[in-house]
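Trainee: The structure's right below; bear with me while I get my questions together.
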Amino acid sequence: MKTNLFARRLLALGLVPMLGVGCASARSHVSIPAQKTRSTNPVVAVEQGIPFSEMVAAGEQTRLPARPSVAEPDSKSEIQVVNFQPEITVENQQLSEPAKLPPVPDEQTISSTDPGMTLQALEDLAMQNNPAIQQANAVASKASGVHYQVGLKPNPSIGYFGEEIGNEGAGGLQGAFVSQTFVRGDKLAWNRQVIGHDVESMRWQVETQRQRVRTDIQVQFYQALAAQKRLELARDFRVIMERGVQVSKDRVAAQVGTRPDVLQSEIQLNEVELVIQQAEFQYDAAWKQLVALAGVPDLPPRVLIGEFQSAQESRDAETIYNEIVAKSPLLSAAYARVQRTQANLQRQNVQAIPNVNAQFGVGRDDGTGDTFANIQLSLPIPFNNHNEGNISAAHAEYCEATQNVQRIKMQIRQNLADTMREYQIANSKVTRYESAILPKAQETLELVQEAQEAGEFDFLRVLTARRTYFDANLNYVTSLSDLSSADARIEGLLLTGGLSNVVSYDGDDSLRDQALSGQ
């Protein structure tokens, strides 16, 4: 009993200095204050455009908060949509949080206070509420967390050892030790360099997603506006056709018209009714697509306020291509990935530098009463494994990333060729309608009506001229819509698919595991 009591006291005395050493080592590594609850995210700062070098410098000051609790849904069909809230923050930096969904006003409030909806208002709604943008922000923050994690130093270890216990009735050799792995070759710094480029790439992906949504909103707005214009034209023309039916009936009653004139005018009236019905369906579908892109699907239909793009002179495709290449966030994300693969190649080259495992212990020999200490140092010998496979894979990844840049450039050229074709066709149509077709249709209708009143033309000629004028205006609106949509895609850097293209990030802290393994 006396020996066991002595051993316990010795162990307690030995652990006190070891714990002090371990805490001091950990303090230089990362400190987590017990009273601090507020925290900042080191790489979520990417949303503010903070340079990577500043983020790396601030990385040593980062703190981790407690994990928030998430309530389970009542059923599998009920999933609560949650906007991402940063959990890790950086000292002395104020970060913006993702916008929360504003409440959708009811129909009475909309009709009384805001009778119309502009393109800018829809874009603002989409930037706040589109789920793909919120998703991209969360993905970028995920990369931020990985960037923080991969640069953390390994924790020290403490333990107890006992040898020859009970030998000759003595307590043997008993004591405590502390061990620490020292990562060499700046592997952890290279880890953050590699993932830092991932963060930069994700930042560009977020901007890409915003541009995709913005372009889709503009294209869909012009399509909905065209349906609204066609509906207005058809309703106005229906009034004229109703008067035409009545005039034809009056002419028959006055025995100056014929029954076929009445039938023909009624046929045209029914055709106009069909155009109105189709325009209503088109507007309803276009509005639903528009509010879905904006992230507010319950928003009731409103009158759209805006104008189409006007016809312009011929635009040079090569100049547009150069502008897109210079501004495209998608291409910038691809360049960031090239830089990532370059950094990873350097990172894999230093992997073979062995880490040092150090251990310090102190104890007491119960048999002699002597106190002793021991120090152990070990490191793996890179004899069989020089990390050649990972170096080769990193080089192949670099080659793939450079080819991906070229692929995106060729894709831009391909998409630009299709969009320019649509733009030029629509531009020529709008120019022709404005300069020739619409003025001549208007003049023809006026001349035919004057001639019919003078008894020179029959009523069928008037109906034909009216229908030609109506069709010309409908086609003119469609051409304006096509021109505006093509121009929106060009100005939007050919980025579309605001809900179909999903930003994802499959990175993890495996680089840190590789660095600590020493293999």
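Ordering of the structure tokens sets the chain letters (A, B, ...); residue numbers start at 1 within each chain; ligands are numbered from 1 in the order shown.
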Where does stretch 168-270 of chain A meet stretch 116-119 of chain A within 10 Å, residue by residue, with the nearest atom pair and distance in Å to one decimal for each, counting only C-alpha atoms, listed by chain and rising number, as CSV?
Mentor:
residue,atom,partner,partner_atom,distance
A:Arg214,CA,A:Leu119,CA,9.9
A:Ile217,CA,A:Leu119,CA,7.9
A:Gln218,CA,A:Leu119,CA,7.0
A:Gln220,CA,A:Leu119,CA,10.0
A:Phe221,CA,A:Leu119,CA,6.8
A:Tyr222,CA,A:Leu119,CA,9.0
Trainee: Which residues in stretch 340-493 of chain A does DSSP call strand (DSSP E or B)? List them as a PyMOL selection string.
Mentor: chain A and resi 356-365+371-378
Trainee: Include N, CA, C and O atoms and write out the residues we just selected as a compact mmCIF listing (two decimals), in the first residue's frame.
Mentor:
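Final output, again.txt:
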# COMPACT_ATOMS: atom_id res chain seq x y z
N VAL A 356 9.80 15.47 -37.24
CA VAL A 356 10.53 15.04 -36.05
C VAL A 356 9.52 14.81 -34.93
O VAL A 356 8.71 15.69 -34.62
N ASN A 357 9.59 13.61 -34.35
CA ASN A 357 8.75 13.28 -33.21
C ASN A 357 9.62 13.33 -31.96
O ASN A 357 10.59 12.58 -31.83
N ALA A 358 9.29 14.23 -31.03
CA ALA A 358 10.08 14.42 -29.81
C ALA A 358 9.25 14.02 -28.60
O ALA A 358 8.04 14.27 -28.56
N GLN A 359 9.93 13.41 -27.63
CA GLN A 359 9.27 13.00 -26.40
C GLN A 359 10.18 13.28 -25.21
O GLN A 359 11.36 12.95 -25.23
N PHE A 360 9.61 13.88 -24.18
CA PHE A 360 10.34 14.16 -22.95
C PHE A 360 9.56 13.60 -21.78
O PHE A 360 8.35 13.82 -21.67
N GLY A 361 10.27 12.86 -20.92
CA GLY A 361 9.61 12.25 -19.78
C GLY A 361 10.44 12.40 -18.52
O GLY A 361 11.66 12.60 -18.57
N VAL A 362 9.78 12.31 -17.37
CA VAL A 362 10.44 12.36 -16.08
C VAL A 362 9.77 11.35 -15.17
O VAL A 362 8.57 11.12 -15.24
N GLY A 363 10.57 10.69 -14.34
CA GLY A 363 10.01 9.67 -13.46
C GLY A 363 10.92 9.40 -12.27
O GLY A 363 11.94 10.07 -12.06
N ARG A 364 10.58 8.34 -11.53
CA ARG A 364 11.36 7.98 -10.33
C ARG A 364 11.50 6.47 -10.25
O ARG A 364 10.55 5.73 -10.52
N ASP A 365 12.69 6.07 -9.90
CA ASP A 365 12.97 4.65 -9.69
C ASP A 365 12.66 4.33 -8.25
O ASP A 365 13.34 4.79 -7.32
N THR A 371 15.50 10.04 -9.15
CA THR A 371 14.65 10.66 -10.18
C THR A 371 15.43 10.67 -11.49
O THR A 371 16.61 10.97 -11.52
N PHE A 372 14.73 10.38 -12.57
CA PHE A 372 15.40 10.32 -13.86
C PHE A 372 14.54 11.01 -14.92
O PHE A 372 13.36 11.26 -14.71
N ALA A 373 15.14 11.31 -16.04
CA ALA A 373 14.44 11.90 -17.19
C ALA A 373 14.90 11.17 -18.44
O ALA A 373 15.99 10.60 -18.48
N ASN A 374 14.04 11.19 -19.46
CA ASN A 374 14.44 10.60 -20.74
C ASN A 374 13.94 11.48 -21.88
O ASN A 374 12.92 12.16 -21.76
N ILE A 375 14.69 11.49 -22.94
CA ILE A 375 14.36 12.24 -24.15
C ILE A 375 14.46 11.28 -25.32
O ILE A 375 15.44 10.54 -25.45
N GLN A 376 13.44 11.33 -26.19
CA GLN A 376 13.43 10.49 -27.39
C GLN A 376 13.16 11.37 -28.61
O GLN A 376 12.28 12.23 -28.57
N LEU A 377 13.92 11.15 -29.63
CA LEU A 377 13.72 11.82 -30.92
C LEU A 377 13.66 10.75 -32.00
O LEU A 377 14.48 9.84 -32.02
N SER A 378 12.70 10.89 -32.90
CA SER A 378 12.58 9.93 -33.99
C SER A 378 12.06 10.65 -35.23
O SER A 378 11.38 11.67 -35.14
Trainee: Can you work out the spacing between atom CA of A:Ala311 and atom CA of A:Asp471 in Å, to one decimal?
Mentor: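 Separation of atom CA of A:Ala311 and atom CA of A:Asp471: 19.9 Å.
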Trainee: Show which residues sit within 10 Å of A:Ser504, as an mmCIF file with N, CA and C atoms, in the first residue's frame. Count only C-alpha atoms, and ignore same-chain residues fewer than 4 positions away.
Mentor:
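To be explicit, this is the file written out as result.cif:
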data_model
loop_
_atom_site.group_PDB
_atom_site.id
_atom_site.type_symbol
_atom_site.label_atom_id
_atom_site.label_comp_id
_atom_site.auth_asym_id
_atom_site.auth_seq_id
_atom_site.Cartn_x
_atom_site.Cartn_y
_atom_site.Cartn_z
ATOM 1 N N GLN A 135 -26.286 29.113 -51.724
ATOM 2 C CA GLN A 135 -25.544 27.853 -51.724
ATOM 3 C C GLN A 135 -24.081 28.087 -52.062
ATOM 4 N N ALA A 136 -23.824 28.925 -53.047
ATOM 5 C CA ALA A 136 -22.441 29.223 -53.422
ATOM 6 C C ALA A 136 -21.695 29.916 -52.283
ATOM 7 N N ALA A 138 -22.242 29.467 -49.106
ATOM 8 C CA ALA A 138 -21.948 28.436 -48.119
ATOM 9 C C ALA A 138 -20.779 27.560 -48.568
ATOM 10 N N VAL A 139 -20.715 27.272 -49.855
ATOM 11 C CA VAL A 139 -19.606 26.461 -50.376
ATOM 12 C C VAL A 139 -18.283 27.205 -50.210
ATOM 13 N N ALA A 140 -18.284 28.518 -50.485
ATOM 14 C CA ALA A 140 -17.068 29.305 -50.298
ATOM 15 C C ALA A 140 -16.644 29.318 -48.834
ATOM 16 N N LYS A 142 -17.252 26.925 -46.749
ATOM 17 C CA LYS A 142 -16.709 25.595 -46.486
ATOM 18 C C LYS A 142 -15.229 25.557 -46.840
ATOM 19 N N ALA A 143 -14.875 26.113 -47.993
ATOM 20 C CA ALA A 143 -13.464 26.180 -48.372
ATOM 21 C C ALA A 143 -12.672 27.004 -47.363
ATOM 22 N N MET A 202 -13.308 29.614 -55.244
ATOM 23 C CA MET A 202 -14.704 29.612 -54.797
ATOM 24 C C MET A 202 -15.277 31.028 -54.783
ATOM 25 N N GLN A 205 -16.301 31.647 -58.115
ATOM 26 C CA GLN A 205 -17.483 30.852 -58.428
ATOM 27 C C GLN A 205 -18.746 31.512 -57.885
#
Trainee: Can you pull out every residue within 10 Å of stretch 262-269 of chain A, counting only C-alpha atoms, but drop anything in the same chain fewer than 3 positions away, and send it as an mmCIF file with N, CA, C and O atoms, in the first residue's frame?
Mentor:
data_model
loop_
_atom_site.group_PDB
_atom_site.id
_atom_site.type_symbol
_atom_site.label_atom_id
_atom_site.label_comp_id
_atom_site.auth_asym_id
_atom_site.auth_seq_id
_atom_site.Cartn_x
_atom_site.Cartn_y
_atom_site.Cartn_z
ATOM 1 N N PHE A 237 -56.155 45.541 -80.474
ATOM 2 C CA PHE A 237 -56.620 45.156 -81.805
ATOM 3 C C PHE A 237 -57.979 44.481 -81.738
ATOM 4 O O PHE A 237 -58.761 44.555 -82.694
ATOM 5 N N ARG A 238 -58.257 43.817 -80.602
ATOM 6 C CA ARG A 238 -59.576 43.190 -80.460
ATOM 7 C C ARG A 238 -60.674 44.252 -80.501
ATOM 8 O O ARG A 238 -61.755 44.020 -81.091
ATOM 9 N N VAL A 239 -60.449 45.405 -79.907
ATOM 10 C CA VAL A 239 -61.439 46.481 -79.937
ATOM 11 C C VAL A 239 -61.703 46.900 -81.386
ATOM 12 O O VAL A 239 -62.862 47.103 -81.810
ATOM 13 N N ILE A 240 -60.613 46.996 -82.169
ATOM 14 C CA ILE A 240 -60.774 47.381 -83.581
ATOM 15 C C ILE A 240 -61.534 46.300 -84.338
ATOM 16 O O ILE A 240 -62.420 46.594 -85.164
ATOM 17 N N MET A 241 -61.220 45.022 -84.073
ATOM 18 C CA MET A 241 -61.881 43.931 -84.786
ATOM 19 C C MET A 241 -63.353 43.833 -84.388
ATOM 20 O O MET A 241 -64.206 43.485 -85.230
ATOM 21 N N GLU A 242 -63.667 44.111 -83.134
ATOM 22 C CA GLU A 242 -65.072 44.093 -82.734
ATOM 23 C C GLU A 242 -65.858 45.171 -83.478
ATOM 24 O O GLU A 242 -67.013 44.947 -83.896
ATOM 25 N N ARG A 243 -65.236 46.340 -83.641
ATOM 26 C CA ARG A 243 -65.895 47.387 -84.424
ATOM 27 C C ARG A 243 -66.025 46.973 -85.888
ATOM 28 O O ARG A 243 -67.025 47.273 -86.552
ATOM 29 N N GLY A 244 -64.995 46.247 -86.368
ATOM 30 C CA GLY A 244 -65.058 45.776 -87.749
ATOM 31 C C GLY A 244 -66.186 44.793 -87.978
ATOM 32 O O GLY A 244 -66.851 44.814 -89.035
ATOM 33 N N VAL A 245 -66.413 43.902 -87.005
ATOM 34 C CA VAL A 245 -67.531 42.962 -87.127
ATOM 35 C C VAL A 245 -68.851 43.721 -87.171
ATOM 36 O O VAL A 245 -69.747 43.414 -87.984
ATOM 37 N N GLN A 246 -68.978 44.707 -86.315
ATOM 38 C CA GLN A 246 -70.221 45.477 -86.292
ATOM 39 C C GLN A 246 -70.418 46.271 -87.589
ATOM 40 O O GLN A 246 -71.540 46.344 -88.128
ATOM 41 N N VAL A 247 -69.318 46.828 -88.130
ATOM 42 C CA VAL A 247 -69.423 47.557 -89.403
ATOM 43 C C VAL A 247 -69.856 46.633 -90.524
ATOM 44 O O VAL A 247 -70.705 46.994 -91.370
ATOM 45 N N SER A 248 -69.292 45.439 -90.547
ATOM 46 C CA SER A 248 -69.657 44.492 -91.608
ATOM 47 C C SER A 248 -71.125 44.091 -91.501
ATOM 48 O O SER A 248 -71.810 43.922 -92.528
ATOM 49 N N LYS A 249 -71.621 43.949 -90.288
ATOM 50 C CA LYS A 249 -73.047 43.626 -90.115
ATOM 51 C C LYS A 249 -73.917 44.804 -90.542
ATOM 52 O O LYS A 249 -74.978 44.607 -91.163
ATOM 53 N N ASP A 250 -73.485 46.014 -90.212
ATOM 54 C CA ASP A 250 -74.250 47.190 -90.639
ATOM 55 C C ASP A 250 -74.262 47.308 -92.158
ATOM 56 O O ASP A 250 -75.292 47.719 -92.745
ATOM 57 N N ARG A 251 -73.183 46.959 -92.787
ATOM 58 C CA ARG A 251 -73.131 47.019 -94.262
ATOM 59 C C ARG A 251 -74.085 46.005 -94.888
ATOM 60 O O ARG A 251 -74.712 46.264 -95.904
ATOM 61 N N VAL A 252 -74.173 44.824 -94.245
ATOM 62 C CA VAL A 252 -75.127 43.828 -94.759
ATOM 63 C C VAL A 252 -76.545 44.324 -94.576
ATOM 64 O O VAL A 252 -77.411 44.170 -95.470
ATOM 65 N N GLY A 257 -73.056 45.372 -98.157
ATOM 66 C CA GLY A 257 -72.048 44.367 -97.817
ATOM 67 C C GLY A 257 -72.586 42.983 -98.064
ATOM 68 O O GLY A 257 -73.746 42.793 -98.434
ATOM 69 N N THR A 258 -71.722 42.009 -97.844
ATOM 70 C CA THR A 258 -72.100 40.620 -98.079
ATOM 71 C C THR A 258 -71.867 39.803 -96.826
ATOM 72 O O THR A 258 -71.140 40.186 -95.910
ATOM 73 N N ARG A 259 -72.506 38.631 -96.804
ATOM 74 C CA ARG A 259 -72.346 37.718 -95.676
ATOM 75 C C ARG A 259 -70.900 37.255 -95.509
ATOM 76 O O ARG A 259 -70.419 37.155 -94.363
ATOM 77 N N VAL A 272 -57.770 36.760 -83.139
ATOM 78 C CA VAL A 272 -57.211 37.706 -82.168
ATOM 79 C C VAL A 272 -57.463 37.215 -80.749
ATOM 80 O O VAL A 272 -56.604 37.342 -79.863
ATOM 81 N N GLU A 273 -58.638 36.639 -80.490
ATOM 82 C CA GLU A 273 -58.928 36.078 -79.167
ATOM 83 C C GLU A 273 -57.932 34.971 -78.832
ATOM 84 O O GLU A 273 -57.477 34.845 -77.682
ATOM 85 N N LEU A 274 -57.587 34.166 -79.829
ATOM 86 C CA LEU A 274 -56.579 33.118 -79.604
ATOM 87 C C LEU A 274 -55.219 33.717 -79.274
ATOM 88 O O LEU A 274 -54.504 33.214 -78.405
ATOM 89 N N VAL A 275 -54.853 34.787 -79.973
ATOM 90 C CA VAL A 275 -53.577 35.453 -79.692
ATOM 91 C C VAL A 275 -53.564 35.986 -78.262
ATOM 92 O O VAL A 275 -52.558 35.878 -77.545
ATOM 93 N N PHE A 459 -64.489 45.308 -98.602
ATOM 94 C CA PHE A 459 -64.167 45.242 -97.176
ATOM 95 C C PHE A 459 -63.088 44.203 -96.870
ATOM 96 O O PHE A 459 -62.365 44.329 -95.886
ATOM 97 N N LEU A 460 -62.975 43.168 -97.686
ATOM 98 C CA LEU A 460 -61.958 42.136 -97.473
ATOM 99 C C LEU A 460 -60.555 42.723 -97.542
ATOM 100 O O LEU A 460 -59.661 42.302 -96.803
ATOM 101 N N VAL A 462 -59.694 45.632 -96.590
ATOM 102 C CA VAL A 462 -59.462 46.320 -95.320
ATOM 103 C C VAL A 462 -59.078 45.323 -94.235
ATOM 104 O O VAL A 462 -58.151 45.555 -93.441
ATOM 105 N N LEU A 463 -59.803 44.196 -94.159
ATOM 106 C CA LEU A 463 -59.493 43.173 -93.156
ATOM 107 C C LEU A 463 -58.082 42.628 -93.340
ATOM 108 O O LEU A 463 -57.348 42.396 -92.369
ATOM 109 N N THR A 464 -57.693 42.419 -94.577
ATOM 110 C CA THR A 464 -56.353 41.907 -94.848
ATOM 111 C C THR A 464 -55.280 42.907 -94.428
ATOM 112 O O THR A 464 -54.260 42.538 -93.835
ATOM 113 N N ARG A 466 -55.580 45.211 -92.144
ATOM 114 C CA ARG A 466 -55.543 45.270 -90.681
ATOM 115 C C ARG A 466 -54.749 44.105 -90.094
ATOM 116 O O ARG A 466 -53.950 44.280 -89.175
ATOM 117 N N ARG A 467 -54.998 42.902 -90.614
ATOM 118 C CA ARG A 467 -54.293 41.736 -90.090
ATOM 119 C C ARG A 467 -52.798 41.824 -90.385
ATOM 120 O O ARG A 467 -51.954 41.444 -89.552
#
